[in-house]
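What follows is the content of protein32.cif, which has mmCIF, C-alpha atoms:
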data_input
#
loop_
_atom_site.label_atom_id
_atom_site.label_comp_id
_atom_site.auth_asym_id
_atom_site.auth_seq_id
_atom_site.Cartn_x
_atom_site.Cartn_y
_atom_site.Cartn_z
CA MET A 1 -43.74 27.11 -4.00
CA SER A 2 -43.12 23.36 -3.70
CA GLN A 3 -40.49 21.85 -1.47
CA PRO A 4 -37.72 19.92 -3.23
CA GLU A 5 -37.75 16.17 -2.67
CA PRO A 6 -35.51 15.14 0.21
CA ARG A 7 -32.40 13.23 -0.76
CA PRO A 8 -32.48 9.51 -0.01
CA ARG A 9 -30.33 8.53 2.98
CA ALA A 10 -28.32 6.11 0.88
CA LEU A 11 -27.47 8.90 -1.55
CA VAL A 12 -26.37 11.16 1.32
CA ALA A 13 -24.20 8.31 2.66
CA ILE A 14 -22.59 7.84 -0.76
CA VAL A 15 -21.86 11.58 -1.04
CA ILE A 16 -20.28 11.55 2.44
CA TYR A 17 -18.18 8.52 1.46
CA LYS A 18 -17.08 10.26 -1.74
CA CYS A 19 -16.16 13.42 0.20
CA PHE A 20 -14.16 11.32 2.68
CA THR A 21 -12.36 9.71 -0.27
CA VAL A 22 -11.57 13.15 -1.72
CA GLY A 23 -10.02 14.20 1.59
CA LEU A 24 -8.04 11.00 1.99
CA LEU A 25 -6.71 11.04 -1.58
CA THR A 26 -5.77 14.71 -1.27
CA PHE A 27 -3.93 13.97 1.99
CA VAL A 28 -2.07 11.08 0.32
CA ALA A 29 -1.17 13.23 -2.68
CA ILE A 30 0.19 16.02 -0.47
CA GLY A 31 2.17 13.48 1.55
CA LEU A 32 3.66 11.96 -1.60
CA PHE A 33 4.58 15.38 -3.02
CA LEU A 34 6.22 16.44 0.25
CA THR A 35 8.03 13.12 0.58
CA SER A 36 9.32 13.33 -2.99
CA LYS A 37 10.70 16.82 -2.29
CA LYS A 38 12.52 15.68 0.87
CA HIS A 39 13.62 12.28 -0.47
CA ASP A 40 17.35 12.90 0.22
CA SER A 41 16.72 14.14 3.76
CA LEU A 42 14.54 11.14 4.52
CA PHE A 43 17.17 8.82 3.10
CA ALA A 44 19.82 10.34 5.41
CA LEU A 45 17.44 10.02 8.36
CA ALA A 46 16.73 6.40 7.46
CA GLU A 47 20.41 5.57 7.25
CA GLU A 48 21.01 7.16 10.65
CA TYR A 49 18.24 5.10 12.23
CA MET A 50 19.37 1.94 10.46
CA MET A 51 22.95 2.44 11.65
CA THR A 52 21.97 2.91 15.28
CA GLY A 53 19.53 0.01 15.17
CA LYS A 54 16.60 2.01 16.56
CA ARG A 55 13.04 0.87 16.09
CA GLU A 56 12.61 -1.75 13.44
CA ILE A 57 9.25 -0.35 12.46
CA ILE A 58 10.78 3.00 11.46
CA LYS A 59 13.42 1.16 9.48
CA ALA A 60 10.83 -0.93 7.66
CA GLY A 61 8.58 2.05 6.93
CA LEU A 62 11.36 4.29 5.68
CA THR A 63 12.85 1.46 3.62
CA GLN A 64 9.49 0.99 1.89
CA VAL A 65 9.06 4.71 1.22
CA LEU A 66 12.62 5.23 0.05
CA SER A 67 12.55 2.26 -2.31
CA VAL A 68 10.15 4.27 -4.50
CA SER A 69 11.78 6.78 -6.83
CA THR A 70 10.97 10.48 -6.63
CA THR A 71 9.37 10.33 -10.08
CA LYS A 72 7.08 7.48 -9.05
CA MET A 73 6.07 9.33 -5.89
CA GLN A 74 5.19 12.43 -7.90
CA LEU A 75 3.28 10.33 -10.43
CA GLY A 76 1.42 8.61 -7.58
CA ALA A 77 0.58 12.02 -6.11
CA LEU A 78 -0.73 13.24 -9.46
CA VAL A 79 -2.87 10.10 -9.91
CA ALA A 80 -4.26 10.53 -6.36
CA LEU A 81 -5.14 14.17 -7.10
CA VAL A 82 -6.87 13.28 -10.37
CA TYR A 83 -8.84 10.52 -8.66
CA ALA A 84 -9.72 12.93 -5.82
CA ALA A 85 -11.01 15.39 -8.41
CA VAL A 86 -13.12 12.69 -10.08
CA ASN A 87 -14.56 11.72 -6.68
CA GLY A 88 -15.30 15.37 -5.98
CA ILE A 89 -17.14 15.72 -9.29
CA GLU A 90 -19.09 12.54 -8.52
CA ALA A 91 -20.03 13.83 -5.05
CA PHE A 92 -21.14 17.19 -6.46
CA GLY A 93 -23.23 15.54 -9.17
CA LEU A 94 -24.81 13.02 -6.82
CA TRP A 95 -25.62 15.72 -4.26
CA ASN A 96 -27.39 17.68 -6.99
CA GLN A 97 -29.07 14.45 -8.16
CA LYS A 98 -27.70 14.63 -11.70
CA ALA A 99 -28.23 11.58 -13.91
CA TRP A 100 -24.74 11.89 -15.39
CA ALA A 101 -23.20 11.53 -11.91
CA THR A 102 -25.06 8.28 -11.27
CA ILE A 103 -23.85 6.91 -14.60
CA LEU A 104 -20.29 8.10 -13.89
CA VAL A 105 -20.17 6.43 -10.47
CA VAL A 106 -21.74 3.19 -11.73
CA GLY A 107 -19.27 3.10 -14.62
CA ILE A 108 -16.16 3.80 -12.55
CA VAL A 109 -17.14 1.48 -9.71
CA GLY A 110 -18.13 -1.21 -12.23
CA ILE A 111 -14.74 -0.99 -13.91
CA THR A 112 -12.86 -1.27 -10.61
CA ILE A 113 -14.76 -4.28 -9.24
CA PRO A 114 -12.63 -6.90 -11.07
CA VAL A 115 -9.45 -5.15 -9.89
CA GLU A 116 -10.70 -5.14 -6.30
CA VAL A 117 -11.58 -8.84 -6.50
CA TYR A 118 -8.08 -9.58 -7.83
CA GLU A 119 -6.48 -7.56 -5.01
CA ILE A 120 -8.56 -9.35 -2.38
CA ILE A 121 -7.57 -12.73 -3.85
CA GLN A 122 -3.88 -11.74 -3.92
CA LYS A 123 -3.74 -10.34 -0.40
CA ALA A 124 -6.95 -10.17 1.56
CA SER A 125 -7.40 -7.64 4.33
CA ILE A 126 -10.31 -6.31 6.33
CA VAL A 127 -9.85 -2.84 4.83
CA LYS A 128 -9.84 -4.14 1.25
CA PHE A 129 -12.90 -6.26 1.92
CA GLY A 130 -14.67 -3.32 3.61
CA VAL A 131 -14.00 -0.96 0.71
CA PHE A 132 -15.10 -3.70 -1.72
CA ALA A 133 -18.36 -4.21 0.20
CA ILE A 134 -19.06 -0.46 0.21
CA ASN A 135 -18.36 -0.23 -3.51
CA ILE A 136 -20.64 -3.20 -4.30
CA ALA A 137 -23.46 -1.71 -2.21
CA MET A 138 -22.98 1.68 -3.87
CA PHE A 139 -22.89 0.08 -7.33
CA ILE A 140 -26.11 -1.89 -6.77
CA TYR A 141 -27.96 1.07 -5.22
CA LEU A 142 -26.98 3.52 -7.96
CA LEU A 143 -27.60 1.01 -10.75
CA ARG A 144 -31.13 0.36 -9.42
CA HIS A 145 -31.66 4.10 -9.03
CA ALA A 146 -30.54 4.76 -12.63
CA ILE A 147 -32.82 2.02 -13.98
CA ALA A 148 -35.79 3.36 -11.99
CA GLU A 149 -35.16 6.91 -13.24
CA ARG A 150 -34.91 5.68 -16.82
CA LYS A 151 -38.23 3.85 -16.48
CA LYS A 152 -39.84 7.04 -15.09
CA GLN A 153 -38.66 9.03 -18.10
CA HIS A 154 -40.13 6.53 -20.58
CA GLN A 155 -43.60 6.52 -19.02
#
This entry written out as structure tokens:
Amino acid sequence: MSQPEPRPRALVAIVIYKCFTVGLLTFVAIGLFLTSKKHDSLFALAEEYMMTGKREIIKAGLTQVLSVSTTKMQLGALVALVYAAVNGIEAFGLWNQKAWATILVVGIVGITIPVEVYEIIQKASIVKFGVFAINIAMFIYLLRHAIAERKKQHQ
């Protein structure tokens, strides 16, 4: 019985990144759902802290959170969960070395590149640039991989 081919390290790294993204997006979604359910309590807490003048950072953070409506928080949570599910499907497909997963990731990352460039131009940050660099590297690697696999099939 032959041994299956080992997965390339870059592919393993991409799957780990996708799994991390699933976890992060799920955490964000849960946080948004919980925050939307306790919106009134948080608003009362924020007013108490704003009245007593305690910690400007708490005031700024709560003001930002509370300026978003409950409906928008729930919609944001739903979008985060859907995107987490897509990332989970991508990770599963890539781990099992499915061609459709490579195409899915290349397509989704390719679509988001112009948006990421726009966001970096509008307000650059190290995190945005880091995520952009990871996505570009992933895009190039998977695109080359897909092209190489296609060539193999046609020989």
For this session: Return as a ChimeraX atom specification the set of residues that the PyMOL selection byres ((chain A and resi 77) around 9) yields on the displayed structure.
Result: /A:25-26,28-33,72-76,78-82
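Going from atom CA of Val12 of chain A to atom CA of Ile126 of chain A covers 24.3 Å.
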Excluding Thr102 of chain A and any residue of its chain fewer than 4 positions from it, enumerate the residues within 10 Å of it, using all atoms listed in the file, and give them as a PDB file with C-alpha atoms, keeping the file's coordinate frame.
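Output file selection.pdb follows:
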ATOM      1  CA  GLU A  90     -19.090  12.540  -8.520  1.00  0.00           C
ATOM      2  CA  ALA A  91     -20.030  13.830  -5.050  1.00  0.00           C
ATOM      3  CA  GLY A  93     -23.230  15.540  -9.170  1.00  0.00           C
ATOM      4  CA  LEU A  94     -24.810  13.020  -6.820  1.00  0.00           C
ATOM      5  CA  GLN A  97     -29.070  14.450  -8.160  1.00  0.00           C
ATOM      6  CA  LYS A  98     -27.700  14.630 -11.700  1.00  0.00           C
ATOM      7  CA  VAL A 106     -21.740   3.190 -11.730  1.00  0.00           C
ATOM      8  CA  GLY A 107     -19.270   3.100 -14.620  1.00  0.00           C
ATOM      9  CA  PHE A 139     -22.890   0.080  -7.330  1.00  0.00           C
ATOM     10  CA  TYR A 141     -27.960   1.070  -5.220  1.00  0.00           C
ATOM     11  CA  LEU A 142     -26.980   3.520  -7.960  1.00  0.00           C
ATOM     12  CA  LEU A 143     -27.600   1.010 -10.750  1.00  0.00           C
ATOM     13  CA  HIS A 145     -31.660   4.100  -9.030  1.00  0.00           C
ATOM     14  CA  ALA A 146     -30.540   4.760 -12.630  1.00  0.00           C
TER      15      ALA A 146
END
Exercise. What lies within 9 Å of Val22 of chain A using all atoms listed in the file, ignoring chain neighbours under 6 positions off, as a PyMOL selection string?
Worked result: chain A and resi 81+83-88
Exercise. So what do you get for atom CA of Phe20 of chain A versus atom CA of Val131 of chain A, distance-wise?
Worked result: 12.4 Å
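Considering all atoms listed in the file, the residue among A:Arg150, A:Asn96, A:Ser36, A:Phe27 positioned nearest to Pro8 of chain A is A:Asn96.
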For this session: Run the PyMOL selection byres ((chain A and resi 137) around 12) against the file shown and list the residues it catches, as number ranges by chain.
Result: A: 10-11, 13-14, 106, 109-110, 113, 130-136, 138-144
So that I have them on file, write out the residues from the current selection with C-alpha atoms, as a PDB file, keeping the file's coordinate frame.
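The resulting part.pdb:
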ATOM      1  CA  ALA A  10     -28.320   6.110   0.880  1.00  0.00           C
ATOM      2  CA  LEU A  11     -27.470   8.900  -1.550  1.00  0.00           C
ATOM      3  CA  ALA A  13     -24.200   8.310   2.660  1.00  0.00           C
ATOM      4  CA  ILE A  14     -22.590   7.840  -0.760  1.00  0.00           C
ATOM      5  CA  VAL A 106     -21.740   3.190 -11.730  1.00  0.00           C
ATOM      6  CA  VAL A 109     -17.140   1.480  -9.710  1.00  0.00           C
ATOM      7  CA  GLY A 110     -18.130  -1.210 -12.230  1.00  0.00           C
ATOM      8  CA  ILE A 113     -14.760  -4.280  -9.240  1.00  0.00           C
ATOM      9  CA  GLY A 130     -14.670  -3.320   3.610  1.00  0.00           C
ATOM     10  CA  VAL A 131     -14.000  -0.960   0.710  1.00  0.00           C
ATOM     11  CA  PHE A 132     -15.100  -3.700  -1.720  1.00  0.00           C
ATOM     12  CA  ALA A 133     -18.360  -4.210   0.200  1.00  0.00           C
ATOM     13  CA  ILE A 134     -19.060  -0.460   0.210  1.00  0.00           C
ATOM     14  CA  ASN A 135     -18.360  -0.230  -3.510  1.00  0.00           C
ATOM     15  CA  ILE A 136     -20.640  -3.200  -4.300  1.00  0.00           C
ATOM     16  CA  MET A 138     -22.980   1.680  -3.870  1.00  0.00           C
ATOM     17  CA  PHE A 139     -22.890   0.080  -7.330  1.00  0.00           C
ATOM     18  CA  ILE A 140     -26.110  -1.890  -6.770  1.00  0.00           C
ATOM     19  CA  TYR A 141     -27.960   1.070  -5.220  1.00  0.00           C
ATOM     20  CA  LEU A 142     -26.980   3.520  -7.960  1.00  0.00           C
ATOM     21  CA  LEU A 143     -27.600   1.010 -10.750  1.00  0.00           C
ATOM     22  CA  ARG A 144     -31.130   0.360  -9.420  1.00  0.00           C
TER      23      ARG A 144
END
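The spacing separating atom CA of Ile111 of chain A from atom CA of Ile89 of chain A amounts to 17.5 Å.
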Where atoms are missing, can you supply N, CA and C atoms for segment 81-112 of chain A and output the lot as a compact mmCIF listing (two decimals), keeping the file's coordinate frame?
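Output contents, as saved in rebuild_19.txt:
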# COMPACT_ATOMS: atom_id res chain seq x y z
N LEU A 81 -4.42 12.90 -6.94
CA LEU A 81 -5.14 14.17 -7.10
C LEU A 81 -6.21 14.09 -8.18
N VAL A 82 -5.89 13.43 -9.28
CA VAL A 82 -6.87 13.28 -10.37
C VAL A 82 -8.05 12.46 -9.87
N TYR A 83 -7.76 11.36 -9.17
CA TYR A 83 -8.84 10.52 -8.66
C TYR A 83 -9.66 11.25 -7.60
N ALA A 84 -8.99 12.10 -6.80
CA ALA A 84 -9.72 12.93 -5.82
C ALA A 84 -10.65 13.89 -6.56
N ALA A 85 -10.18 14.47 -7.64
CA ALA A 85 -11.01 15.39 -8.41
C ALA A 85 -12.22 14.67 -9.00
N VAL A 86 -12.01 13.47 -9.53
CA VAL A 86 -13.12 12.69 -10.08
C VAL A 86 -14.14 12.38 -8.98
N ASN A 87 -13.66 11.99 -7.81
CA ASN A 87 -14.56 11.72 -6.68
C ASN A 87 -15.30 12.98 -6.26
N GLY A 88 -14.65 14.11 -6.30
CA GLY A 88 -15.30 15.37 -5.98
C GLY A 88 -16.40 15.72 -6.98
N ILE A 89 -16.13 15.48 -8.25
CA ILE A 89 -17.14 15.72 -9.29
C ILE A 89 -18.32 14.77 -9.10
N GLU A 90 -18.02 13.51 -8.78
CA GLU A 90 -19.09 12.54 -8.52
C GLU A 90 -19.94 12.99 -7.34
N ALA A 91 -19.30 13.40 -6.25
CA ALA A 91 -20.03 13.83 -5.05
C ALA A 91 -20.91 15.03 -5.36
N PHE A 92 -20.37 16.00 -6.09
CA PHE A 92 -21.14 17.19 -6.46
C PHE A 92 -22.36 16.81 -7.30
N GLY A 93 -22.13 15.97 -8.31
CA GLY A 93 -23.23 15.54 -9.17
C GLY A 93 -24.28 14.73 -8.44
N LEU A 94 -23.84 13.83 -7.58
CA LEU A 94 -24.81 13.02 -6.82
C LEU A 94 -25.60 13.89 -5.86
N TRP A 95 -24.93 14.84 -5.20
CA TRP A 95 -25.62 15.72 -4.26
C TRP A 95 -26.71 16.52 -4.97
N ASN A 96 -26.42 16.92 -6.19
CA ASN A 96 -27.39 17.68 -6.99
C ASN A 96 -28.30 16.78 -7.82
N GLN A 97 -28.22 15.48 -7.56
CA GLN A 97 -29.07 14.45 -8.16
C GLN A 97 -29.07 14.52 -9.69
N LYS A 98 -27.86 14.60 -10.26
CA LYS A 98 -27.70 14.63 -11.70
C LYS A 98 -27.57 13.20 -12.23
N ALA A 99 -28.26 12.93 -13.32
CA ALA A 99 -28.23 11.58 -13.91
C ALA A 99 -26.81 11.21 -14.37
N TRP A 100 -26.08 12.18 -14.90
CA TRP A 100 -24.74 11.89 -15.39
C TRP A 100 -23.82 11.41 -14.25
N ALA A 101 -24.04 11.93 -13.04
CA ALA A 101 -23.20 11.53 -11.91
C ALA A 101 -23.45 10.08 -11.53
N THR A 102 -24.73 9.68 -11.57
CA THR A 102 -25.06 8.28 -11.27
C THR A 102 -24.39 7.36 -12.28
N ILE A 103 -24.48 7.72 -13.54
CA ILE A 103 -23.85 6.91 -14.60
C ILE A 103 -22.34 6.88 -14.43
N LEU A 104 -21.74 8.03 -14.10
CA LEU A 104 -20.29 8.10 -13.89
C LEU A 104 -19.85 7.19 -12.75
N VAL A 105 -20.54 7.26 -11.62
CA VAL A 105 -20.17 6.43 -10.47
C VAL A 105 -20.36 4.95 -10.79
N VAL A 106 -21.49 4.60 -11.38
CA VAL A 106 -21.74 3.19 -11.73
C VAL A 106 -20.66 2.69 -12.68
N GLY A 107 -20.30 3.51 -13.66
CA GLY A 107 -19.27 3.10 -14.62
C GLY A 107 -17.91 2.91 -13.97
N ILE A 108 -17.49 3.89 -13.17
CA ILE A 108 -16.16 3.80 -12.55
C ILE A 108 -16.10 2.67 -11.52
N VAL A 109 -17.13 2.56 -10.71
CA VAL A 109 -17.14 1.48 -9.71
C VAL A 109 -17.21 0.12 -10.42
N GLY A 110 -18.02 0.04 -11.46
CA GLY A 110 -18.13 -1.21 -12.23
C GLY A 110 -16.81 -1.64 -12.83
N ILE A 111 -16.04 -0.68 -13.32
CA ILE A 111 -14.74 -0.99 -13.91
C ILE A 111 -13.76 -1.48 -12.86
N THR A 112 -13.84 -0.92 -11.65
CA THR A 112 -12.86 -1.27 -10.61
C THR A 112 -13.18 -2.55 -9.85
